[in-house]
>>> print(open('structure_11.txt').read())   # compact mmCIF, C-alpha atoms
# COMPACT_ATOMS: atom_id res chain seq x y z
CA MET A 1 63.11 3.41 95.13
CA LEU A 2 64.94 0.49 93.56
CA ASN A 3 68.01 2.42 94.50
CA ALA A 4 67.30 1.82 98.18
CA LEU A 5 66.85 -1.89 97.56
CA LEU A 6 70.20 -2.17 95.80
CA LEU A 7 71.84 0.01 98.42
CA VAL A 8 70.73 -2.26 101.24
CA ILE A 9 71.72 -5.41 99.35
CA ARG A 10 75.16 -3.99 98.61
CA ARG A 11 75.65 -2.85 102.18
CA ASP A 12 74.68 -6.23 103.64
CA LEU A 13 76.85 -8.14 101.17
CA LEU A 14 79.79 -5.90 102.03
CA LEU A 15 79.20 -6.46 105.74
CA ALA A 16 78.97 -10.20 105.21
CA PHE A 17 82.18 -10.14 103.20
CA ARG A 18 83.93 -8.36 106.08
CA ARG A 19 82.62 -11.06 108.41
CA ARG A 20 83.31 -14.07 106.26
CA THR A 21 83.68 -16.47 109.17
CA ASP A 22 80.01 -16.09 110.10
CA VAL A 23 78.94 -17.05 106.61
CA LEU A 24 81.41 -19.89 106.37
CA SER A 25 80.33 -21.36 109.69
CA THR A 26 76.77 -21.78 108.42
CA LEU A 27 78.05 -23.49 105.29
CA VAL A 28 80.34 -25.78 107.21
CA PHE A 29 77.42 -26.67 109.49
CA PHE A 30 75.38 -27.65 106.44
CA VAL A 31 78.19 -29.78 105.05
CA ILE A 32 78.89 -31.50 108.37
CA VAL A 33 75.25 -32.38 109.03
CA CYS A 34 74.95 -33.83 105.54
CA THR A 35 78.18 -35.78 106.01
CA LEU A 36 77.18 -37.24 109.36
CA PHE A 37 74.16 -39.02 107.94
CA PRO A 38 75.94 -41.47 105.66
CA LEU A 39 78.32 -42.19 108.55
CA GLY A 40 75.46 -42.86 110.94
CA VAL A 41 73.11 -44.73 108.66
CA GLY A 42 75.63 -47.03 107.02
CA PRO A 43 76.87 -47.38 103.48
CA GLU A 44 73.96 -49.12 101.75
CA PRO A 45 73.58 -47.29 98.42
CA GLU A 46 69.84 -47.91 98.06
CA LEU A 47 69.04 -46.53 101.51
CA LEU A 48 71.27 -43.49 101.06
CA ARG A 49 69.72 -42.70 97.71
CA THR A 50 66.29 -42.68 99.33
CA LEU A 51 67.40 -40.61 102.31
CA GLY A 52 69.55 -38.13 100.42
CA PRO A 53 67.11 -35.44 99.28
CA GLY A 54 65.28 -35.38 102.63
CA VAL A 55 68.51 -35.11 104.59
CA LEU A 56 69.80 -32.27 102.44
CA TRP A 57 66.52 -30.44 102.78
CA VAL A 58 66.41 -30.75 106.57
CA ALA A 59 70.06 -29.70 106.82
CA ALA A 60 69.34 -26.66 104.63
CA LEU A 61 66.39 -25.82 106.88
CA LEU A 62 68.54 -25.95 110.02
CA ALA A 63 71.38 -24.00 108.43
CA SER A 64 68.91 -21.34 107.34
CA THR A 65 67.49 -21.09 110.86
CA LEU A 66 70.99 -20.81 112.26
CA ALA A 67 71.66 -17.79 110.07
CA LEU A 68 68.45 -15.97 110.98
CA ASN A 69 69.83 -14.29 114.09
CA ARG A 70 72.26 -12.35 111.96
CA LEU A 71 69.54 -10.94 109.76
CA PHE A 72 68.55 -8.11 112.12
CA GLY A 73 70.51 -8.91 115.29
CA LEU A 74 73.70 -6.99 114.59
CA ASP A 75 71.87 -4.00 113.13
CA HIS A 76 69.69 -3.92 116.21
CA ALA A 77 72.63 -4.05 118.58
CA ASP A 78 74.49 -1.07 117.12
CA GLY A 79 71.45 1.10 116.48
CA THR A 80 71.55 0.90 112.67
CA LEU A 81 68.14 -0.76 112.62
CA GLU A 82 66.56 2.34 114.17
CA GLN A 83 68.07 4.40 111.40
CA LEU A 84 66.75 1.99 108.78
CA LEU A 85 63.27 2.33 110.26
CA LEU A 86 63.58 6.10 110.09
CA SER A 87 64.78 6.09 106.51
CA PRO A 88 62.71 8.05 103.99
CA GLU A 89 62.66 4.92 101.83
CA PRO A 90 59.76 2.49 102.36
CA LEU A 91 60.61 0.01 105.10
CA VAL A 92 59.19 -2.85 103.04
CA LEU A 93 61.85 -2.26 100.38
CA ILE A 94 64.61 -2.12 102.95
CA VAL A 95 63.37 -5.38 104.46
CA ALA A 96 63.17 -6.96 101.01
CA GLY A 97 66.74 -5.88 100.35
CA LYS A 98 67.96 -7.34 103.62
CA VAL A 99 66.19 -10.63 102.96
CA ALA A 100 67.57 -10.80 99.43
CA ALA A 101 71.09 -10.21 100.70
CA HIS A 102 70.54 -12.79 103.43
CA TRP A 103 69.51 -15.36 100.84
CA LEU A 104 72.51 -14.58 98.66
CA ILE A 105 74.74 -15.12 101.68
CA SER A 106 73.10 -18.10 103.37
CA GLY A 107 70.78 -19.73 100.81
CA LEU A 108 72.49 -19.61 97.45
CA PRO A 109 75.76 -21.19 98.69
CA LEU A 110 73.73 -24.15 99.97
CA VAL A 111 72.25 -24.63 96.51
CA LEU A 112 75.69 -24.42 94.94
CA LEU A 113 77.08 -27.00 97.36
CA THR A 114 74.25 -29.45 96.67
CA PRO A 115 75.86 -31.33 93.73
CA LEU A 116 78.93 -32.03 95.85
CA LEU A 117 76.91 -33.34 98.78
CA ALA A 118 74.58 -35.31 96.52
CA LEU A 119 77.64 -37.37 95.56
CA GLN A 120 77.86 -38.66 99.12
CA PHE A 121 74.38 -40.06 98.81
CA GLY A 122 74.98 -41.59 95.41
CA LEU A 123 72.35 -39.49 93.67
CA ASP A 124 72.55 -39.59 89.87
CA GLY A 125 72.65 -36.52 87.67
CA GLN A 126 68.93 -36.13 87.22
CA ALA A 127 68.10 -36.56 90.91
CA THR A 128 70.81 -34.05 91.80
CA ALA A 129 69.45 -31.54 89.32
CA SER A 130 65.90 -31.76 90.62
CA LEU A 131 67.15 -31.53 94.22
CA ALA A 132 69.19 -28.42 93.41
CA LEU A 133 66.24 -26.90 91.59
CA SER A 134 63.89 -27.52 94.52
CA LEU A 135 66.42 -25.94 96.89
CA LEU A 136 66.86 -22.99 94.54
CA ILE A 137 63.14 -22.27 94.71
CA GLY A 138 62.71 -23.27 98.34
CA THR A 139 65.53 -21.48 100.13
CA PRO A 140 64.34 -17.94 99.26
CA ALA A 141 60.99 -18.87 100.77
CA LEU A 142 62.82 -19.98 103.92
CA SER A 143 64.63 -16.64 104.14
CA LEU A 144 61.40 -14.70 103.63
CA VAL A 145 59.39 -16.60 106.24
CA GLY A 146 62.32 -16.69 108.63
CA ALA A 147 62.63 -12.91 108.49
CA ILE A 148 59.23 -12.56 110.17
CA GLY A 149 60.36 -14.74 113.04
CA ALA A 150 63.68 -12.94 113.32
CA ALA A 151 61.92 -9.57 113.48
CA LEU A 152 59.45 -10.72 116.12
CA THR A 153 62.10 -12.14 118.44
CA LEU A 154 64.51 -9.20 118.21
CA ASP A 155 64.18 -7.95 121.74
CA VAL A 156 63.50 -11.28 123.40
CA ARG A 157 66.03 -12.89 125.69
CA GLY A 158 67.11 -16.26 124.34
CA GLY A 159 65.80 -15.21 120.95
CA GLY A 160 68.00 -17.78 119.22
CA VAL A 161 66.04 -20.80 120.40
CA LEU A 162 62.73 -19.00 120.24
CA VAL A 163 63.17 -18.04 116.62
CA ALA A 164 63.77 -21.70 115.77
CA LEU A 165 60.63 -22.76 117.65
CA LEU A 166 58.64 -20.06 115.93
CA VAL A 167 59.93 -20.55 112.43
CA LEU A 168 60.52 -24.28 112.03
CA PRO A 169 56.78 -25.17 112.02
CA LEU A 170 56.25 -22.49 109.40
CA TYR A 171 58.99 -24.10 107.32
CA ALA A 172 57.04 -27.39 107.21
CA PRO A 173 55.09 -26.70 103.98
CA VAL A 174 58.26 -25.62 102.21
CA LEU A 175 59.99 -28.78 103.39
CA ILE A 176 57.10 -31.03 102.35
CA PHE A 177 56.83 -29.70 98.82
CA GLY A 178 60.55 -29.12 98.42
CA ALA A 179 61.59 -32.58 99.47
CA GLY A 180 58.57 -33.95 97.59
CA ALA A 181 59.77 -32.35 94.39
CA ALA A 182 63.25 -33.72 94.89
CA VAL A 183 62.22 -37.25 95.89
CA ALA A 184 59.47 -37.91 93.36
CA GLU A 185 60.51 -39.63 90.18
CA ALA A 186 62.02 -36.86 88.10
CA GLY A 187 59.95 -36.05 85.05
CA GLY A 188 56.86 -37.60 86.62
CA GLY A 189 53.74 -35.60 87.33
CA ALA A 190 54.24 -35.63 91.11
CA ALA A 191 57.59 -33.86 90.96
CA GLU A 192 56.22 -31.17 88.73
CA ALA A 193 53.16 -30.62 90.91
CA ASN A 194 55.34 -30.32 94.01
CA LEU A 195 57.65 -27.91 92.25
CA LEU A 196 54.74 -25.74 91.16
CA LEU A 197 53.32 -25.68 94.68
CA LEU A 198 56.76 -24.75 95.97
CA GLY A 199 56.85 -21.91 93.46
CA GLY A 200 53.43 -20.82 94.67
CA LEU A 201 54.68 -20.76 98.26
CA LEU A 202 57.65 -18.65 97.21
CA ALA A 203 55.41 -16.21 95.35
CA GLY A 204 53.07 -15.94 98.32
CA ALA A 205 55.94 -15.44 100.76
CA ALA A 206 57.56 -12.82 98.52
CA ALA A 207 54.32 -10.87 98.38
CA LEU A 208 53.42 -11.03 102.07
CA ALA A 209 56.52 -11.64 104.18
CA PRO A 210 58.22 -8.24 103.68
CA TRP A 211 55.09 -6.43 104.88
CA ALA A 212 54.73 -8.71 107.88
CA THR A 213 58.43 -8.34 108.70
CA ALA A 214 58.25 -4.56 108.44
CA SER A 215 55.31 -4.45 110.88
CA ALA A 216 57.05 -6.88 113.21
CA LEU A 217 60.16 -4.67 113.23
CA ARG A 218 58.11 -1.60 114.09
CA ILE A 219 56.50 -3.46 116.99
CA SER A 220 59.79 -4.89 118.22
CA LEU A 221 61.49 -1.51 118.34
CA GLU A 222 58.65 0.36 120.02
CA MET B 1 65.01 25.47 103.23
CA ALA B 2 61.42 26.69 103.03
CA ALA B 3 61.44 27.58 106.65
CA THR B 4 58.29 29.55 107.14
CA SER B 5 55.47 27.12 107.74
CA MET B 6 57.14 24.19 109.45
CA ARG B 7 56.20 23.26 112.93
CA LEU B 8 56.40 20.29 115.22
CA GLN B 9 53.71 19.96 117.84
CA ALA B 10 53.20 17.58 120.70
CA HIS B 11 49.64 17.33 121.82
CA ARG B 12 48.83 15.92 125.26
CA LEU B 13 51.56 13.30 125.02
CA ALA B 14 51.72 10.58 127.63
CA CYS B 15 54.31 7.88 127.82
CA ALA B 16 54.84 4.90 130.08
CA ARG B 17 57.62 2.40 130.43
CA GLY B 18 56.25 -0.83 131.80
CA GLU B 19 53.96 0.05 134.68
CA ARG B 20 55.57 3.38 135.37
CA GLN B 21 54.14 6.51 133.82
CA LEU B 22 56.99 8.74 132.69
CA PHE B 23 55.03 11.86 131.80
CA SER B 24 51.56 12.81 130.77
CA ASP B 25 49.75 15.75 129.26
CA LEU B 26 52.86 17.12 127.63
CA ASN B 27 52.29 19.92 125.12
CA PHE B 28 54.67 22.06 123.13
CA GLU B 29 55.07 23.63 119.77
CA LEU B 30 58.32 24.18 117.95
CA GLN B 31 58.70 26.42 114.92
CA SER B 32 61.56 27.01 112.55
CA GLY B 33 64.63 28.50 114.15
CA GLU B 34 63.61 27.27 117.58
CA ALA B 35 65.28 24.75 119.82
CA LEU B 36 63.98 22.59 122.63
CA TRP B 37 66.28 21.42 125.37
CA LEU B 38 65.05 18.38 127.27
CA LYS B 39 66.38 18.15 130.79
CA GLY B 40 65.79 15.78 133.62
CA ARG B 41 67.50 13.17 135.75
CA ASN B 42 68.33 9.72 134.42
CA GLY B 43 65.22 7.71 133.73
CA SER B 44 62.93 10.71 133.52
CA GLY B 45 61.98 9.86 129.95
CA LYS B 46 64.12 12.12 127.77
CA THR B 47 65.05 9.38 125.35
CA SER B 48 61.51 8.00 125.37
CA LEU B 49 60.19 11.44 124.44
CA LEU B 50 62.69 11.75 121.59
CA ARG B 51 61.68 8.32 120.31
CA LEU B 52 58.03 9.42 120.38
CA LEU B 53 58.93 12.56 118.44
CA CYS B 54 60.69 10.64 115.68
CA GLY B 55 58.00 8.00 115.48
CA LEU B 56 59.99 5.02 116.78
CA GLY B 57 57.86 4.82 119.90
CA ARG B 58 54.13 5.11 120.24
CA PRO B 59 52.65 7.39 122.87
CA LEU B 60 50.25 6.01 125.47
CA SER B 61 47.93 8.80 124.46
CA GLY B 62 48.18 12.06 122.56
CA GLU B 63 49.92 12.60 119.28
CA VAL B 64 52.87 14.24 117.57
CA LEU B 65 52.00 16.51 114.68
CA TRP B 66 54.23 17.71 111.85
CA ASN B 67 52.70 20.71 110.11
CA GLY B 68 49.38 19.68 111.56
CA THR B 69 49.39 16.03 110.40
CA PRO B 70 50.07 13.12 112.76
CA ILE B 71 53.52 11.70 112.04
CA GLN B 72 52.16 8.14 112.08
CA GLN B 73 50.28 9.04 108.91
CA LEU B 74 53.15 10.84 107.26
CA ARG B 75 55.76 8.24 108.08
CA GLU B 76 58.29 8.31 105.18
CA ASP B 77 57.36 11.89 104.30
CA PHE B 78 58.16 12.87 107.87
CA HIS B 79 61.35 10.81 107.91
CA ARG B 80 62.58 12.82 104.93
CA GLN B 81 62.33 15.96 107.10
CA MET B 82 64.38 14.83 110.06
CA ILE B 83 67.50 13.23 111.42
CA TYR B 84 67.49 11.30 114.66
CA CYS B 85 70.76 10.54 116.41
CA GLY B 86 70.06 8.05 119.14
CA HIS B 87 71.98 6.74 122.10
CA ALA B 88 73.40 3.88 120.06
CA SER B 89 75.72 5.51 117.57
CA ALA B 90 74.55 3.40 114.59
CA VAL B 91 78.15 2.98 113.51
CA LYS B 92 79.03 -0.34 111.91
CA ASP B 93 82.20 -1.91 113.27
CA ASP B 94 83.00 -3.65 110.02
CA LEU B 95 82.74 -0.59 107.81
CA SER B 96 85.36 2.11 107.58
CA ALA B 97 84.56 5.57 108.89
CA TRP B 98 83.79 7.04 105.47
CA GLU B 99 81.67 4.04 104.48
CA ASN B 100 79.63 4.55 107.62
CA VAL B 101 78.99 8.19 106.81
CA ALA B 102 78.20 7.44 103.16
CA THR B 103 75.79 4.60 103.99
CA ALA B 104 74.01 6.65 106.62
CA GLY B 105 73.68 9.53 104.20
CA ASN B 106 72.49 7.43 101.29
CA LEU B 107 69.91 5.61 103.36
CA SER B 108 68.53 8.84 104.73
CA GLY B 109 68.08 10.13 101.20
CA THR B 110 71.12 12.41 100.98
CA ALA B 111 73.22 11.06 98.14
CA CYS B 112 76.77 10.88 99.43
CA SER B 113 79.94 9.98 97.60
CA ARG B 114 83.28 9.02 99.11
CA GLU B 115 84.58 12.58 98.66
CA GLN B 116 81.59 14.11 100.43
CA ALA B 117 81.88 11.61 103.26
CA VAL B 118 85.57 12.41 103.71
CA VAL B 119 84.83 16.14 103.70
CA ALA B 120 82.20 15.56 106.40
CA LEU B 121 84.71 13.57 108.44
CA VAL B 122 87.35 16.30 108.06
CA SER B 123 84.83 18.82 109.38
CA VAL B 124 84.43 16.81 112.58
CA GLY B 125 88.20 16.40 112.84
CA LEU B 126 88.41 12.79 111.73
CA GLY B 127 89.92 13.29 108.29
CA GLY B 128 92.90 11.09 109.10
CA ALA B 129 90.74 8.17 110.19
CA ALA B 130 88.45 8.04 107.14
CA ASP B 131 89.80 4.71 105.94
CA LEU B 132 90.12 3.03 109.31
CA PRO B 133 87.51 0.44 110.24
CA ALA B 134 85.15 1.83 112.85
CA ARG B 135 86.14 -1.04 115.12
CA SER B 136 89.50 0.55 115.76
CA LEU B 137 88.06 3.95 116.72
CA SER B 138 87.58 5.16 120.28
CA GLN B 139 84.18 5.88 121.79
CA GLY B 140 84.46 9.60 121.16
CA GLN B 141 85.66 9.07 117.61
CA ARG B 142 82.73 6.76 116.87
CA ARG B 143 80.44 9.43 118.22
CA ARG B 144 82.03 11.88 115.81
CA VAL B 145 81.51 9.48 112.91
CA ALA B 146 77.82 9.35 113.84
CA LEU B 147 77.64 13.14 114.05
CA ALA B 148 79.45 13.57 110.72
CA ARG B 149 76.03 12.99 109.18
CA LEU B 150 75.12 16.47 110.35
CA ALA B 151 77.87 17.86 108.15
CA LEU B 152 76.29 16.45 104.98
CA GLU B 153 74.32 18.99 102.98
CA PRO B 154 71.42 19.51 102.68
CA LEU B 155 70.37 19.01 106.26
CA PRO B 156 66.68 18.24 106.85
CA PRO B 157 64.82 20.86 108.91
CA LEU B 158 64.33 18.84 112.10
CA LEU B 159 67.16 17.43 114.17
CA LEU B 160 66.47 15.14 117.12
CA LEU B 161 69.66 14.53 119.04
CA ASP B 162 69.96 12.29 122.06
CA GLU B 163 72.93 13.34 124.21
CA PRO B 164 74.93 14.66 121.25
CA PHE B 165 77.72 16.07 123.43
CA VAL B 166 78.51 12.91 125.32
CA ALA B 167 82.04 11.54 124.88
CA LEU B 168 83.10 14.51 122.73
CA ASP B 169 86.16 16.59 123.54
CA GLN B 170 86.03 20.38 123.85
CA ALA B 171 86.94 21.06 120.23
CA ALA B 172 84.34 18.64 118.90
CA VAL B 173 81.69 20.14 121.16
CA GLN B 174 82.45 23.58 119.74
CA THR B 175 82.30 22.30 116.15
CA LEU B 176 78.96 20.68 116.85
CA CYS B 177 77.61 23.85 118.47
CA ARG B 178 78.66 25.83 115.41
CA THR B 179 76.88 23.36 113.12
CA LEU B 180 73.73 23.49 115.22
CA ASN B 181 73.78 27.29 115.43
CA ARG B 182 74.14 27.51 111.67
CA HIS B 183 71.23 25.11 111.29
CA LEU B 184 69.05 27.14 113.65
CA ALA B 185 70.00 30.39 111.97
CA ALA B 186 68.93 28.91 108.63
CA GLY B 187 65.51 28.19 110.07
CA GLY B 188 66.01 24.62 111.22
CA MET B 189 64.59 23.05 114.34
CA LEU B 190 66.36 21.18 117.06
CA VAL B 191 65.30 19.00 119.94
CA TYR B 192 68.11 17.70 122.09
CA THR B 193 68.88 16.23 125.45
CA THR B 194 72.01 16.98 127.39
CA HIS B 195 73.23 17.39 130.93
CA GLN B 196 75.73 20.07 130.00
CA ALA B 197 74.56 23.57 129.25
CA GLN B 198 75.73 24.64 125.79
CA ALA B 199 75.69 28.02 124.16
CA LEU B 200 73.17 27.62 121.38
CA GLN B 201 71.64 30.60 119.69
CA ALA B 202 68.08 29.89 118.76
CA ARG B 203 65.28 32.33 118.05
CA ARG B 204 63.65 30.78 121.05
CA LEU B 205 65.27 28.20 123.26
CA GLU B 206 62.68 26.39 125.26
CA GLN B 207 63.68 24.27 128.19
CA PHE B 208 61.73 21.33 129.38
CA ASP B 209 62.44 19.80 132.72
CA LEU B 210 60.86 16.39 132.65
CA ASP B 211 61.35 16.05 136.42
CA GLN B 212 58.76 18.70 137.05
CA LEU B 213 56.29 17.12 134.67
CA THR B 214 56.50 13.66 136.14
CA SER B 215 53.26 12.53 137.59
CA CYS B 216 53.55 9.30 139.46
>>> encode(input="structure_11.txt", output="structure tokens")
Amino acid sequence: MLNALLLVIRRDLLLAFRRRTDVLSTLVFFVIVCTLFPLGVGPEPELLRTLGPGVLWVAALLASTLALNRLFGLDHADGTLEQLLLSPEPLVLIVAGKVAAHWLISGLPLVLLTPLLALQFGLDGQATASLALSLLIGTPALSLVGAIGAALTLDVRGGGVLVALLVLPLYAPVLIFGAGAAVAEAGGGAAEANLLLLGGLLAGAAALAPWATASALRISLE
Amino acid sequence: MAATSMRLQAHRLACARGERQLFSDLNFELQSGEALWLKGRNGSGKTSLLRLLCGLGRPLSGEVLWNGTPIQQLREDFHRQMIYCGHASAVKDDLSAWENVATAGNLSGTACSREQAVVALVSVGLGGAADLPARSLSQGQRRRVALARLALEPLPPLLLLDEPFVALDQAAVQTLCRTLNRHLAAGGMLVYTTHQAQALQARRLEQFDLDQLTSC
């Protein structure tokens, strides 16, 4: 059973590696959005320090939405998705594998880039660390929730915009607690509470989203 | 292959696409060693019927039974017993030919190494292209890559093939026919759609003309 999970993850990572430009474009988008803010807002250090975590979080949200179309879109177009649905392995596991691979491709790099981008906003070491930690816990939740939207809009014309409309409101709680954890005074009670709530969201999404995505895929392909 | 007790039944199947009813009250039973040839003009519902039989589509009414149990209940257990080759070839452009075969095999529960995948490709006449990315293959070659799955052993008892002969050259058609005949002789089952008559030797070859079933 776990075999199927690893198989799907490996397959999707290999495919992403063969299509590096797609992955890179999401990353570059994230970097550019984060870079535009200091240019637009002006160079006051105090202001930038306040804005920083929120801006990075929103940029991560948008970058994650941008990558959602690739989650099932290509597999749907060439018929592989049908074969995945007909696999003797449980569909939930296959979906979980695809989401995990998607996070490794589109979420983890954002977390790794965070320290670099935090420099632009003049965040100190501790603030950067708590921002990166909140993104590390938050971005998997984004991938999990986003997968439901991506599965539901598979066969819809103009699915790209629709998936954003569908998924962005659902991202709101993740954004609130994620940015909350990053903004609140590190070490204070508020940051910890936000971080715990974010962890709770991730646990809830991990338990429910693969099932919902699997059902959505079955409906979309009917 | 424990071929004695297997059977696929369709019970009063009805299917609609949008507002249009494609067919209704469709019944048949298929046992091991038997083949079912679905005929009919374009748009008569051949592909829709195949999708119902593999469980991708849901019938408007009626049900599909595998050994007496509805396939919607069996789900993964039924999937283990069949291969469906759809219209879309399910070949990944970015993977090489052998990687495509190996992934398809592994995901359908037939463990498949590089060597086995290459052997399967050789048997469909694509041995030389095993390492080429599927992107660089022609339409017919991609079709062969998709059908190379049928050369992986062990083959599940039920094969559902949508237009398997399309885009294949004469030699490939003959190879495929040989594979299918061997499968039928070993007690397998086959449901396929095609516009070309092919010489398949089944214990019983049933023909279904969906045109004559259409009730509008």
>>> closest_residue(input="structure_11.txt", among="A:Val161, A:Leu117, A:Ala184, A:Leu68", to="Leu142 (chain A)", atoms="all atoms listed in the file")
A:Leu68
>>> closest_residue(input="structure_11.txt", among="A:Thr80, A:Ser25, A:Thr35, A:Ser143", to="chain B", atoms="all atoms listed in the file")
A:Thr80
>>> interface_residues(input="structure_11.txt", of="chain B", to="chain A", cutoff="7 Å", atoms="all atoms listed in the file", output="PyMOL selection string")
chain B and resi 56-58+76-77+79-80+88-92+94+107-109
>>> write_last_selection(input="structure_11.txt", atoms="C-alpha atoms", output="JSON list (two decimals), keeping the file's coordinate frame")
[["chain", "number", "residue", "atom", "x", "y", "z"],
["B", 56, "LEU", "CA", 59.99, 5.02, 116.78],
["B", 57, "GLY", "CA", 57.86, 4.82, 119.90],
["B", 58, "ARG", "CA", 54.13, 5.11, 120.24],
["B", 76, "GLU", "CA", 58.29, 8.31, 105.18],
["B", 77, "ASP", "CA", 57.36, 11.89, 104.30],
["B", 79, "HIS", "CA", 61.35, 10.81, 107.91],
["B", 80, "ARG", "CA", 62.58, 12.82, 104.93],
["B", 88, "ALA", "CA", 73.40, 3.88, 120.06],
["B", 89, "SER", "CA", 75.72, 5.51, 117.57],
["B", 90, "ALA", "CA", 74.55, 3.40, 114.59],
["B", 91, "VAL", "CA", 78.15, 2.98, 113.51],
["B", 92, "LYS", "CA", 79.03, -0.34, 111.91],
["B", 94, "ASP", "CA", 83.00, -3.65, 110.02],
["B", 107, "LEU", "CA", 69.91, 5.61, 103.36],
["B", 108, "SER", "CA", 68.53, 8.84, 104.73],
["B", 109, "GLY", "CA", 68.08, 10.13, 101.20]]
>>> closest_residue(input="structure_11.txt", among="A:Cys34, A:Phe72, A:Gly180, A:Leu6", to="Leu135 (chain A)", atoms="all atoms listed in the file")
A:Gly180
>>> atom_distance(input="structure_11.txt", atom1="CA of Pro210 (chain A)", atom2="CA of Trp103 (chain A)")
13.6 Å
>>> atom_distance(input="structure_11.txt", atom1="CA of Asp162 (chain B)", atom2="CA of Ser215 (chain A)")
24.9 Å
>>> residues_around(input="structure_11.txt", residues="Ser123 (chain B)", least_positions_apart="6", cutoff="12 Å", atoms="all atoms listed in the file", output="PyMOL selection string")
chain B and resi 116-117+130+144-145+147-152+171-172+174-176+178-179
>>> residues_near_point(input="structure_11.txt", point="(52.2, 11.2, 124.8)", cutoff="10 Å", atoms="all atoms listed in the file", output="MDAnalysis selection string")
chainID B and resid 10:16 22:27 48:49 52:53 57:64
>>> residues_around(input="structure_11.txt", residues="Ala132 (chain A)", least_positions_apart="3", cutoff="7 Å", atoms="all atoms listed in the file", output="VMD selection string")
chain A and resid 111 114 128 to 129 135 to 136
>>> write_last_selection(input="structure_11.txt", atoms="C-alpha atoms", output="tab-separated table (two decimals), keeping the file's coordinate frame")
chain	number	residue	atom	x	y	z
A	111	VAL	CA	72.25	-24.63	96.51
A	114	THR	CA	74.25	-29.45	96.67
A	128	THR	CA	70.81	-34.05	91.80
A	129	ALA	CA	69.45	-31.54	89.32
A	135	LEU	CA	66.42	-25.94	96.89
A	136	LEU	CA	66.86	-22.99	94.54
>>> atom_distance(input="structure_11.txt", atom1="CA of Gly52 (chain A)", atom2="CA of Val183 (chain A)")
8.7 Å
>>> axis_aligned_box(input="structure_11.txt", around="region 138-146 of chain A", padding_each_side="6 Å", output="lines of an AutoDock Vina configuration file")
center_x = 62.5
center_y = -19.0
center_z = 103.5
size_x = 18.1
size_y = 20.6
size_z = 22.3
>>> residues_around(input="structure_11.txt", residues="Cys177 (chain B)", least_positions_apart="5", cutoff="9 Å", atoms="all atoms listed in the file", output="PyMOL selection string")
chain B and resi 172+182+198-200
>>> closest_residue(input="structure_11.txt", among="A:Leu154, A:Val58, A:Val167, A:Val145", to="Val99 (chain A)", atoms="all atoms listed in the file")
A:Val145
>>> residues_around(input="structure_11.txt", residues="Ala63 (chain A)", least_positions_apart="3", cutoff="9 Å", atoms="only C-alpha atoms", output="list in words")
Thr26, Leu27, Phe29, Phe30, Val58, Ala59, Ala60, Leu66, Ala67, Leu68, Ser106, Gly107 and Leu110 of chain A
>>> write_last_selection(input="structure_11.txt", atoms="C-alpha atoms", output="mmCIF file, in the frame of the given file")
data_model
loop_
_atom_site.group_PDB
_atom_site.id
_atom_site.type_symbol
_atom_site.label_atom_id
_atom_site.label_comp_id
_atom_site.auth_asym_id
_atom_site.auth_seq_id
_atom_site.Cartn_x
_atom_site.Cartn_y
_atom_site.Cartn_z
ATOM 1 C CA THR A 26 76.770 -21.780 108.420
ATOM 2 C CA LEU A 27 78.050 -23.490 105.290
ATOM 3 C CA PHE A 29 77.420 -26.670 109.490
ATOM 4 C CA PHE A 30 75.380 -27.650 106.440
ATOM 5 C CA VAL A 58 66.410 -30.750 106.570
ATOM 6 C CA ALA A 59 70.060 -29.700 106.820
ATOM 7 C CA ALA A 60 69.340 -26.660 104.630
ATOM 8 C CA LEU A 66 70.990 -20.810 112.260
ATOM 9 C CA ALA A 67 71.660 -17.790 110.070
ATOM 10 C CA LEU A 68 68.450 -15.970 110.980
ATOM 11 C CA SER A 106 73.100 -18.100 103.370
ATOM 12 C CA GLY A 107 70.780 -19.730 100.810
ATOM 13 C CA LEU A 110 73.730 -24.150 99.970
#
>>> residues_around(input="structure_11.txt", residues="region 198-202 of chain A", least_positions_apart="4", cutoff="12 Å", atoms="all atoms listed in the file", output="JSON, numbers by chain")
{"A": [133, 134, 135, 136, 137, 138, 139, 140, 141, 142, 143, 144, 145, 170, 171, 172, 173, 174, 175, 176, 177, 178, 179, 180, 181, 182, 191, 192, 193, 194, 206, 207, 208, 209]}
>>> decode(input="structure_11.txt", residues="region 206-211 of chain A", atoms="N, CA and C atoms", output="PDB file, in the first residue's frame")
ATOM      1  N   ALA A 206      -5.139  17.076   6.339  1.00  0.00           N
ATOM      2  CA  ALA A 206      -4.494  15.818   5.946  1.00  0.00           C
ATOM      3  C   ALA A 206      -5.442  14.639   6.118  1.00  0.00           C
ATOM      4  N   ALA A 207      -6.319  14.736   7.121  1.00  0.00           N
ATOM      5  CA  ALA A 207      -7.229  13.616   7.365  1.00  0.00           C
ATOM      6  C   ALA A 207      -8.397  13.620   6.389  1.00  0.00           C
ATOM      7  N   LEU A 208      -8.870  14.797   5.998  1.00  0.00           N
ATOM      8  CA  LEU A 208     -10.112  14.871   5.219  1.00  0.00           C
ATOM      9  C   LEU A 208      -9.896  15.129   3.731  1.00  0.00           C
ATOM     10  N   ALA A 209      -8.932  15.979   3.402  1.00  0.00           N
ATOM     11  CA  ALA A 209      -8.812  16.441   2.013  1.00  0.00           C
ATOM     12  C   ALA A 209      -8.590  15.307   1.005  1.00  0.00           C
ATOM     13  N   PRO A 210      -7.747  14.307   1.296  1.00  0.00           N
ATOM     14  CA  PRO A 210      -7.567  13.245   0.290  1.00  0.00           C
ATOM     15  C   PRO A 210      -8.869  12.513  -0.038  1.00  0.00           C
ATOM     16  N   TRP A 211      -9.703  12.282   0.953  1.00  0.00           N
ATOM     17  CA  TRP A 211     -10.987  11.622   0.690  1.00  0.00           C
ATOM     18  C   TRP A 211     -11.869  12.500  -0.185  1.00  0.00           C
TER      19      TRP A 211
END
